Amino acid sequence: MASLTKAFTATAVLQLAERGRLRLDEPVASHLPWFELDDDRAARITIRQVLNQSSGLTDATLGFNQYSVTPASPRQAVELLSRSHLAYDPGTSWDYCNVNYWIAEALVEEVSGTPLPDYLQNEVLEPLGMRSTVLLDHTGDSSPTIGPTARSHSYVFGRAVPTRTPRTFAGGAGGLWTTQEDLARWALFQQGHGPHVGEVLSRASIREMHRRQSPLQQYPVGYALGWWHGEPADGGVVRTSHSGTGAGHSAYIGLFPDDVAITVVVNAAGPRADDIANDLYAIHHGEQRSPLGAPSPVMDSSIAAAALLTSTGCVVGIRRRLKGEFSHQWRGHAVAVVCLTTFLLVVLTPALGTRLVGRQSNWALLFTMAPAPVAGIWLIALACLGMVLSHVQRAATGPARSIHRRRDTVHRD
């Protein structure tokens, strides 16, 4: 379910608040004395700000890549933040950052004395009859209690191929596995239906969890507590919803104003679950929609063609350099600089992406989501690296022999 997990973690926190074990507007550090950042403002972060993503933590200010670390426990995960700082004062702005829900998981564990998977099982899932739902361990390893699961798929030239999700720390931010039937039970509970609403969480707390709370109000949609609330960025009716996207799978739950709930799970990289939900809601209201299909192979084919042309050109260039045959020396240097720049840009793409779009990733995750484009990009990068190395080798062994000679210097017998 990927990020649909956040609503379950938020439910656990609000349940503890109802039971008087914590207060949403008290500092995180009052329950986690070992919670430290490389920023003095961290002491002011409240539990509510963690849940509504206004803590000041952002992917760009983390001192590590969240998809490349495998801490063994929520505490170890939160302790990684000692190398991180805040992008702004807590509560003054908003950024979506999974690490906020690592902190929320650690809070549940510390306050209740029970690991979040066990806490959810006993206090939330069992009462709601969600017997096929489980929060996996912190590195995403399969558990013998989960039973058979749907295999994730990526698309290669328009064809679905099985894929394996990379090992990452997910936990309270994205480690939940469930079924469509159980997800429907969850939707009914979130709408305030069923006999266990007051038992698991009061209607007042459910409304509070759905209430838009992010400080930035100029956008049509804002973050609540583990949910989004408002009009989606691509249009549509105001709703309480959340999507979850992983490597080769996606999920969505939408609570619509006319007491309609739509849940979608997809075990492939497309079409997206939220797009399917929007179409289903339109069909429910009598609109006509064309079925969504698999992603087009055009991008894969285009990148493959570019990779083939580039690598072929580089092989020719490498052979000429190894023979000492390339045109004017300044051109050889220029080509080497361009190739080196291309290689470095590819290597640094995850880091640059964090700076440009504000979200982290790594090459393992990107490859799982888009195998053909990533393979093509790396083929180009390696071909460019070969050009650079051949240029350096040629420069180290002596001056090159120009293959362009003035006609008046060519003599024939």
# chains A, B, ... in the order shown; residues from 1 in each chain; ligands from 1
call {"tool": "residues_around", "arguments": {"residues": "range 155-163 of chain A", "least_positions_apart": "4", "cutoff": "10 Å", "atoms": "only C-alpha atoms", "output": "list of chain:residue names"}}
result
A:Arg151, A:Ala247, A:Gly248, A:His249, A:Asn267, A:Ala268, A:Ala269, A:Gly270, A:Gly293, A:Ala294, A:Pro295, A:Ser296, A:Pro297, A:Val298, A:Met299, A:Asp300, A:Ser301, A:Ala304, A:Phe367, A:Thr368, A:Met369, A:Ala370, A:Pro371, A:Ala372, A:Pro373
call {"tool": "write_last_selection", "arguments": {"atoms": "C-alpha atoms", "output": "mmCIF file, in the first residue's frame"}}
result
data_model
loop_
_atom_site.group_PDB
_atom_site.id
_atom_site.type_symbol
_atom_site.label_atom_id
_atom_site.label_comp_id
_atom_site.auth_asym_id
_atom_site.auth_seq_id
_atom_site.Cartn_x
_atom_site.Cartn_y
_atom_site.Cartn_z
ATOM 1 C CA ARG A 151 3.779 -9.716 -7.804
ATOM 2 C CA ALA A 247 8.245 0.189 -7.531
ATOM 3 C CA GLY A 248 5.792 -1.611 -9.807
ATOM 4 C CA HIS A 249 2.634 -1.001 -7.801
ATOM 5 C CA ASN A 267 0.269 -4.389 -9.138
ATOM 6 C CA ALA A 268 1.940 -2.707 -12.101
ATOM 7 C CA ALA A 269 3.665 0.570 -12.916
ATOM 8 C CA GLY A 270 0.572 1.840 -14.733
ATOM 9 C CA GLY A 293 -4.253 1.082 -20.621
ATOM 10 C CA ALA A 294 -0.621 0.222 -20.098
ATOM 11 C CA PRO A 295 2.015 2.930 -20.594
ATOM 12 C CA SER A 296 3.050 3.547 -24.192
ATOM 13 C CA PRO A 297 6.346 2.000 -25.334
ATOM 14 C CA VAL A 298 7.301 5.254 -27.105
ATOM 15 C CA MET A 299 9.580 6.545 -24.342
ATOM 16 C CA ASP A 300 11.367 3.195 -23.992
ATOM 17 C CA SER A 301 11.877 2.985 -27.750
ATOM 18 C CA ALA A 304 16.799 2.833 -26.620
ATOM 19 C CA PHE A 367 15.480 1.022 -12.369
ATOM 20 C CA THR A 368 12.640 -0.979 -10.825
ATOM 21 C CA MET A 369 10.123 1.670 -11.846
ATOM 22 C CA ALA A 370 11.456 2.212 -15.394
ATOM 23 C CA PRO A 371 13.932 -0.532 -16.405
ATOM 24 C CA ALA A 372 14.367 0.307 -20.098
ATOM 25 C CA PRO A 373 14.917 4.094 -19.738
#
call {"tool": "residues_around", "arguments": {"residues": "Cys339 in chain A", "least_positions_apart": "4", "cutoff": "7 Å", "atoms": "only C-alpha atoms", "output": "MDAnalysis selection string"}}
result
chainID A and resid 335 343 384:385 387:388
call {"tool": "residues_around", "arguments": {"residues": "range 109-125 of chain A", "least_positions_apart": "5", "cutoff": "10 Å", "atoms": "only C-alpha atoms", "output": "VMD selection string"}}
result
chain A and resid 8 to 9 11 to 13 15 to 16 21 to 22 31 to 32 73 to 75 103 to 104 130 to 138 171 to 172 175 to 176 182 185 to 186 196 199 to 201
call {"tool": "select_by_dssp", "arguments": {"residues": "range 162-228 of chain A", "states": "strand (DSSP E)", "output": "list in words"}}
result
Pro162, Leu176, Trp177, Val221, Gly222, Tyr223 and Trp228 of chain A
call {"tool": "write_last_selection", "arguments": {"atoms": "all heavy atoms", "output": "compact mmCIF listing (two decimals), in the first residue's frame"}}
result
# COMPACT_ATOMS: atom_id res chain seq x y z
N PRO A 162 7.62 -9.01 -14.41
CA PRO A 162 7.68 -9.04 -12.94
C PRO A 162 8.91 -8.29 -12.44
O PRO A 162 9.97 -8.29 -13.07
CB PRO A 162 7.77 -10.54 -12.62
CG PRO A 162 7.24 -11.23 -13.83
CD PRO A 162 7.62 -10.36 -14.99
N LEU A 176 2.83 -1.17 4.73
CA LEU A 176 1.62 -1.96 4.91
C LEU A 176 1.29 -2.79 3.67
O LEU A 176 1.41 -2.33 2.56
CB LEU A 176 0.44 -1.03 5.23
CG LEU A 176 -0.80 -1.71 5.80
CD1 LEU A 176 -0.64 -1.89 7.31
CD2 LEU A 176 -2.05 -0.90 5.49
N TRP A 177 0.84 -4.03 3.92
CA TRP A 177 0.33 -4.91 2.86
C TRP A 177 -1.11 -5.27 3.22
O TRP A 177 -1.43 -5.53 4.37
CB TRP A 177 1.16 -6.19 2.78
CG TRP A 177 2.53 -6.00 2.24
CD1 TRP A 177 3.53 -5.26 2.80
CD2 TRP A 177 3.07 -6.55 1.04
NE1 TRP A 177 4.66 -5.32 2.02
CE2 TRP A 177 4.40 -6.11 0.94
CE3 TRP A 177 2.55 -7.39 0.06
CZ2 TRP A 177 5.23 -6.48 -0.13
CZ3 TRP A 177 3.39 -7.76 -0.99
CH2 TRP A 177 4.70 -7.30 -1.08
N VAL A 221 -5.42 21.64 -2.55
CA VAL A 221 -5.34 20.46 -1.70
C VAL A 221 -4.25 20.66 -0.66
O VAL A 221 -3.21 21.26 -0.94
CB VAL A 221 -5.07 19.18 -2.54
CG1 VAL A 221 -3.73 19.26 -3.23
CG2 VAL A 221 -5.15 17.93 -1.68
N GLY A 222 -4.50 20.21 0.56
CA GLY A 222 -3.51 20.34 1.62
C GLY A 222 -3.44 19.07 2.43
O GLY A 222 -4.29 18.17 2.31
N TYR A 223 -2.43 18.97 3.30
CA TYR A 223 -2.24 17.75 4.07
C TYR A 223 -2.97 17.83 5.40
O TYR A 223 -3.02 18.89 6.04
CB TYR A 223 -0.75 17.48 4.31
CG TYR A 223 -0.45 16.00 4.38
CD1 TYR A 223 -0.47 15.22 3.23
CD2 TYR A 223 -0.18 15.38 5.59
CE1 TYR A 223 -0.22 13.86 3.28
CE2 TYR A 223 0.09 14.02 5.64
CZ TYR A 223 0.06 13.26 4.48
OH TYR A 223 0.31 11.91 4.53
N TRP A 228 -4.64 13.51 2.54
CA TRP A 228 -4.80 14.78 1.84
C TRP A 228 -6.27 15.18 1.93
O TRP A 228 -7.16 14.33 1.98
CB TRP A 228 -4.45 14.63 0.35
CG TRP A 228 -3.03 14.27 0.05
CD1 TRP A 228 -2.52 13.02 -0.06
CD2 TRP A 228 -1.95 15.17 -0.18
NE1 TRP A 228 -1.18 13.06 -0.36
CE2 TRP A 228 -0.80 14.38 -0.43
CE3 TRP A 228 -1.84 16.56 -0.19
CZ2 TRP A 228 0.44 14.94 -0.70
CZ3 TRP A 228 -0.61 17.12 -0.47
CH2 TRP A 228 0.53 16.32 -0.71
call {"tool": "select_by_dssp", "arguments": {"residues": "range 82-182 of chain A", "states": "helix (DSSP H, G or I)", "output": "VMD selection string"}}
result
chain A and resid 82 to 83 99 to 112 116 to 125 171 to 173 180 to 182
call {"tool": "closest_residue", "arguments": {"among": "A:Glu26, A:Val197, A:Val265, A:Asn52", "to": "Leu216 in chain A", "atoms": "only C-alpha atoms"}}
result
A:Asn52
call {"tool": "closest_residue", "arguments": {"among": "A:Ile206, A:Ala395, A:Ala305, A:Leu322", "to": "Ala375 in chain A", "atoms": "only C-alpha atoms"}}
result
A:Ala305
call {"tool": "residues_around", "arguments": {"residues": "Asp95 in chain A", "least_positions_apart": "5", "cutoff": "9 Å", "atoms": "only C-alpha atoms", "output": "list in words"}}
result
Gln53, Ser54, Ser55, Gly56, Leu57, Thr58, Asp59 and Gly358 of chain A
call {"tool": "atom_distance", "arguments": {"atom1": "CA of Ala17 in chain A", "atom2": "CA of Thr46 in chain A"}}
result
13.1 Å
call {"tool": "closest_residue", "arguments": {"among": "A:Ile283, A:Tyr219, A:Ala336, A:Ser311", "to": "Gly376 in chain A", "atoms": "only C-alpha atoms"}}
result
A:Ser311
call {"tool": "closest_residue", "arguments": {"among": "A:Val357, A:Ala106, A:Cys97, A:Ala351", "to": "Ala29 in chain A", "atoms": "only C-alpha atoms"}}
result
A:Ala106
call {"tool": "residues_around", "arguments": {"residues": "Pro166 in chain A", "least_positions_apart": "5", "cutoff": "12 Å", "atoms": "only C-alpha atoms", "output": "VMD selection string"}}
result
chain A and resid 67 to 70 139 to 141 152 246 to 248 361 to 369
call {"tool": "write_last_selection", "arguments": {"atoms": "N, CA, C and O atoms", "output": "PDB file, in the first residue's frame"}}
result
ATOM      1  N   TYR A  67      16.294   5.928   0.855  1.00  0.00           N
ATOM      2  CA  TYR A  67      16.110   4.677   0.123  1.00  0.00           C
ATOM      3  C   TYR A  67      17.381   3.828   0.080  1.00  0.00           C
ATOM      4  O   TYR A  67      17.380   2.744  -0.483  1.00  0.00           O
ATOM      5  N   SER A  68      18.454   4.338   0.682  1.00  0.00           N
ATOM      6  CA  SER A  68      19.722   3.611   0.662  1.00  0.00           C
ATOM      7  C   SER A  68      20.165   3.167   2.044  1.00  0.00           C
ATOM      8  O   SER A  68      21.258   2.623   2.192  1.00  0.00           O
ATOM      9  N   VAL A  69      19.343   3.422   3.062  1.00  0.00           N
ATOM     10  CA  VAL A  69      19.687   3.001   4.428  1.00  0.00           C
ATOM     11  C   VAL A  69      18.745   1.887   4.863  1.00  0.00           C
ATOM     12  O   VAL A  69      17.591   1.822   4.440  1.00  0.00           O
ATOM     13  N   THR A  70      19.230   1.012   5.711  1.00  0.00           N
ATOM     14  CA  THR A  70      18.410  -0.111   6.201  1.00  0.00           C
ATOM     15  C   THR A  70      18.567  -0.228   7.717  1.00  0.00           C
ATOM     16  O   THR A  70      19.138  -1.209   8.216  1.00  0.00           O
ATOM     17  N   THR A 139      12.721  -3.669   6.822  1.00  0.00           N
ATOM     18  CA  THR A 139      13.461  -3.692   5.566  1.00  0.00           C
ATOM     19  C   THR A 139      12.639  -4.260   4.427  1.00  0.00           C
ATOM     20  O   THR A 139      13.149  -4.477   3.340  1.00  0.00           O
ATOM     21  N   GLY A 140      11.357  -4.506   4.670  1.00  0.00           N
ATOM     22  CA  GLY A 140      10.493  -4.983   3.596  1.00  0.00           C
ATOM     23  C   GLY A 140      10.601  -6.458   3.316  1.00  0.00           C
ATOM     24  O   GLY A 140      10.086  -6.942   2.311  1.00  0.00           O
ATOM     25  N   ASP A 141      11.300  -7.209   4.187  1.00  0.00           N
ATOM     26  CA  ASP A 141      11.401  -8.653   3.971  1.00  0.00           C
ATOM     27  C   ASP A 141      10.034  -9.312   4.138  1.00  0.00           C
ATOM     28  O   ASP A 141       9.209  -8.882   4.935  1.00  0.00           O
ATOM     29  N   SER A 152       4.645  -7.478  -8.137  1.00  0.00           N
ATOM     30  CA  SER A 152       4.720  -6.168  -8.776  1.00  0.00           C
ATOM     31  C   SER A 152       5.267  -6.312 -10.198  1.00  0.00           C
ATOM     32  O   SER A 152       6.009  -7.258 -10.500  1.00  0.00           O
ATOM     33  N   GLY A 246       4.756   2.788  -5.396  1.00  0.00           N
ATOM     34  CA  GLY A 246       6.029   2.127  -5.161  1.00  0.00           C
ATOM     35  C   GLY A 246       6.606   1.619  -6.463  1.00  0.00           C
ATOM     36  O   GLY A 246       6.176   2.011  -7.552  1.00  0.00           O
ATOM     37  N   ALA A 247       7.586   0.750  -6.360  1.00  0.00           N
ATOM     38  CA  ALA A 247       8.245   0.189  -7.531  1.00  0.00           C
ATOM     39  C   ALA A 247       7.373  -0.923  -8.105  1.00  0.00           C
ATOM     40  O   ALA A 247       7.346  -2.035  -7.593  1.00  0.00           O
ATOM     41  N   GLY A 248       6.619  -0.607  -9.157  1.00  0.00           N
ATOM     42  CA  GLY A 248       5.792  -1.611  -9.807  1.00  0.00           C
ATOM     43  C   GLY A 248       4.441  -1.828  -9.185  1.00  0.00           C
ATOM     44  O   GLY A 248       3.799  -2.857  -9.436  1.00  0.00           O
ATOM     45  N   SER A 361      15.401   9.730  -4.269  1.00  0.00           N
ATOM     46  CA  SER A 361      15.306   8.449  -4.959  1.00  0.00           C
ATOM     47  C   SER A 361      16.711   7.873  -5.008  1.00  0.00           C
ATOM     48  O   SER A 361      17.664   8.480  -4.514  1.00  0.00           O
ATOM     49  N   ASN A 362      16.869   6.692  -5.577  1.00  0.00           N
ATOM     50  CA  ASN A 362      18.187   6.156  -5.892  1.00  0.00           C
ATOM     51  C   ASN A 362      18.057   5.308  -7.158  1.00  0.00           C
ATOM     52  O   ASN A 362      16.951   5.065  -7.650  1.00  0.00           O
ATOM     53  N   TRP A 363      19.196   4.880  -7.705  1.00  0.00           N
ATOM     54  CA  TRP A 363      19.156   4.201  -9.002  1.00  0.00           C
ATOM     55  C   TRP A 363      18.454   2.851  -8.929  1.00  0.00           C
ATOM     56  O   TRP A 363      17.814   2.432  -9.894  1.00  0.00           O
ATOM     57  N   ALA A 364      18.550   2.156  -7.793  1.00  0.00           N
ATOM     58  CA  ALA A 364      17.865   0.859  -7.670  1.00  0.00           C
ATOM     59  C   ALA A 364      16.355   1.042  -7.787  1.00  0.00           C
ATOM     60  O   ALA A 364      15.660   0.290  -8.481  1.00  0.00           O
ATOM     61  N   LEU A 365      15.828   2.065  -7.120  1.00  0.00           N
ATOM     62  CA  LEU A 365      14.394   2.333  -7.168  1.00  0.00           C
ATOM     63  C   LEU A 365      13.977   2.787  -8.563  1.00  0.00           C
ATOM     64  O   LEU A 365      12.954   2.346  -9.108  1.00  0.00           O
ATOM     65  N   LEU A 366      14.769   3.670  -9.168  1.00  0.00           N
ATOM     66  CA  LEU A 366      14.444   4.175 -10.502  1.00  0.00           C
ATOM     67  C   LEU A 366      14.452   3.051 -11.533  1.00  0.00           C
ATOM     68  O   LEU A 366      13.595   3.000 -12.427  1.00  0.00           O
ATOM     69  N   PHE A 367      15.413   2.133 -11.412  1.00  0.00           N
ATOM     70  CA  PHE A 367      15.480   1.022 -12.369  1.00  0.00           C
ATOM     71  C   PHE A 367      14.259   0.121 -12.241  1.00  0.00           C
ATOM     72  O   PHE A 367      13.711  -0.344 -13.247  1.00  0.00           O
ATOM     73  N   THR A 368      13.806  -0.127 -11.017  1.00  0.00           N
ATOM     74  CA  THR A 368      12.640  -0.979 -10.825  1.00  0.00           C
ATOM     75  C   THR A 368      11.391  -0.344 -11.424  1.00  0.00           C
ATOM     76  O   THR A 368      10.527  -1.032 -11.968  1.00  0.00           O
ATOM     77  N   MET A 369      11.300   0.980 -11.338  1.00  0.00           N
ATOM     78  CA  MET A 369      10.123   1.670 -11.846  1.00  0.00           C
ATOM     79  C   MET A 369      10.145   1.833 -13.362  1.00  0.00           C
ATOM     80  O   MET A 369       9.100   1.826 -14.009  1.00  0.00           O
TER      81      MET A 369
END
call {"tool": "closest_residue", "arguments": {"among": "A:Arg321, A:Arg272, A:His229, A:Arg203", "to": "Thr245 in chain A", "atoms": "only C-alpha atoms"}}
result
A:Arg272
call {"tool": "closest_residue", "arguments": {"among": "A:Arg167, A:Lys323, A:Arg331, A:Arg19", "to": "Ser202 in chain A", "atoms": "only C-alpha atoms"}}
result
A:Arg19
call {"tool": "atom_distance", "arguments": {"atom1": "CA of Met1 in chain A", "atom2": "CA of Leu37 in chain A"}}
result
29.2 Å
call {"tool": "residues_around", "arguments": {"residues": "range 285-290 of chain A", "least_positions_apart": "4", "cutoff": "12 Å", "atoms": "only C-alpha atoms", "output": "list in words"}}
result
Asp258, Val260, Asp275, Ile276, Ala277, Asn278, Asp279, Leu280 and Tyr281 of chain A
